[in-house]
Amino acid sequence: MTREHTEAGTLGKSTAAAATGHTYWVIPDGYIPPDSRGTLESHESICVLNTGLEDAELGITIFFEDREPIENIEASVPGRRTKHIRTASLHSGDQFIPAGVPYAITVTSNVPVIIQYSRLDTTQPELALMSVMAFPLT
C-alpha cells in the first residue's frame, strides 16, 4: 500500500505507486565551490525522487548572469527510485558548468517528481551543507 494525495489535500491509500510532485522546477541559486579542503569534495546535487512507476525523463537548463544558457541536458530517474545528480557532471556537448560561477537551473520532467537541491562547501575546515527544496511551478 502506498499513500497518495487526493484532490482535497488529504492522504488516501492506494495499491499502485502514485507519481507525486510537479513537472517543472526552478532552482535560482547555483554555485559550485571552486575549492575543496580535507577528504570531502565541494559539490552541488539535484536530488530527484520519482515515486511513480514510469521512468522520469528530465530536461535540464542552466542559466548564467553573463552568457547564454546550457540547454538540452538530459537525465533519467527510474520509477520508484531516487537519483542525486551532481551539477559538475552536467554537460551539453562540450559545455559544462564552470566552478565559481553563479547559475540557476530549470528542470522539466515527463512525470511528476520531487526535487531538492544540496550544496556541500568544504572550502574551509568548518564545512557547510545546505539543502533546500526546489520551487515547483505548475
# chains A, B, ... in the order shown; residues from 1 in each chain; ligands from 1
call {"tool": "residues_around", "arguments": {"residues": "Glu57 (chain A)", "least_positions_apart": "3", "cutoff": "10 Å", "atoms": "only C-alpha atoms", "output": "PyMOL selection string"}}
result
chain A and resi 54+60+74-78+108-111
call {"tool": "select_by_dssp", "arguments": {"residues": "region 56-107 of chain A", "states": "strand (DSSP E or B)", "output": "number ranges by chain"}}
result
A: 56-64, 70-77, 81-86, 91-92, 95-96, 103-107
call {"tool": "residues_around", "arguments": {"residues": "Arg67 (chain A)", "least_positions_apart": "5", "cutoff": "12 Å", "atoms": "only C-alpha atoms", "output": "list of chain:residue names"}}
result
A:Ile62, A:Gln95, A:Ile97, A:Pro98, A:Val101, A:Pro102, A:Tyr103
call {"tool": "closest_residue", "arguments": {"among": "A:Arg37, A:Arg80, A:Arg86, A:His91", "to": "Ala17 (chain A)", "atoms": "only C-alpha atoms"}}
result
A:Arg80
call {"tool": "closest_residue", "arguments": {"among": "A:Asn50, A:Ser89, A:Thr106, A:Asn72", "to": "Gly21 (chain A)", "atoms": "only C-alpha atoms"}}
result
A:Asn50
call {"tool": "residues_around", "arguments": {"residues": "Gly30 (chain A)", "least_positions_apart": "6", "cutoff": "12 Å", "atoms": "only C-alpha atoms", "output": "list in words"}}
result
His43, Glu44, Ser45, Ile46, Ile62, Phe63, Phe64, Glu65, Arg86, Thr87, Ala88, Ile97, Pro98, Ala99, Gly100, Val101, Pro102, Tyr103, Ala104, Ile105, Thr106, Tyr117, Ser118, Arg119, Leu120, Met130, Ser131, Val132 and Ala134 of chain A
call {"tool": "atom_distance", "arguments": {"atom1": "CA of Gly93 (chain A)", "atom2": "CA of Asp55 (chain A)"}}
result
23.7 Å
call {"tool": "atom_distance", "arguments": {"atom1": "CA of Thr23 (chain A)", "atom2": "CA of Val113 (chain A)"}}
result
6.4 Å
call {"tool": "atom_distance", "arguments": {"atom1": "CA of Gln116 (chain A)", "atom2": "CA of Thr39 (chain A)"}}
result
24.3 Å
call {"tool": "closest_residue", "arguments": {"among": "A:Asp29, A:Glu71, A:Asp66, A:Glu41", "to": "Asp94 (chain A)", "atoms": "only C-alpha atoms"}}
result
A:Glu71
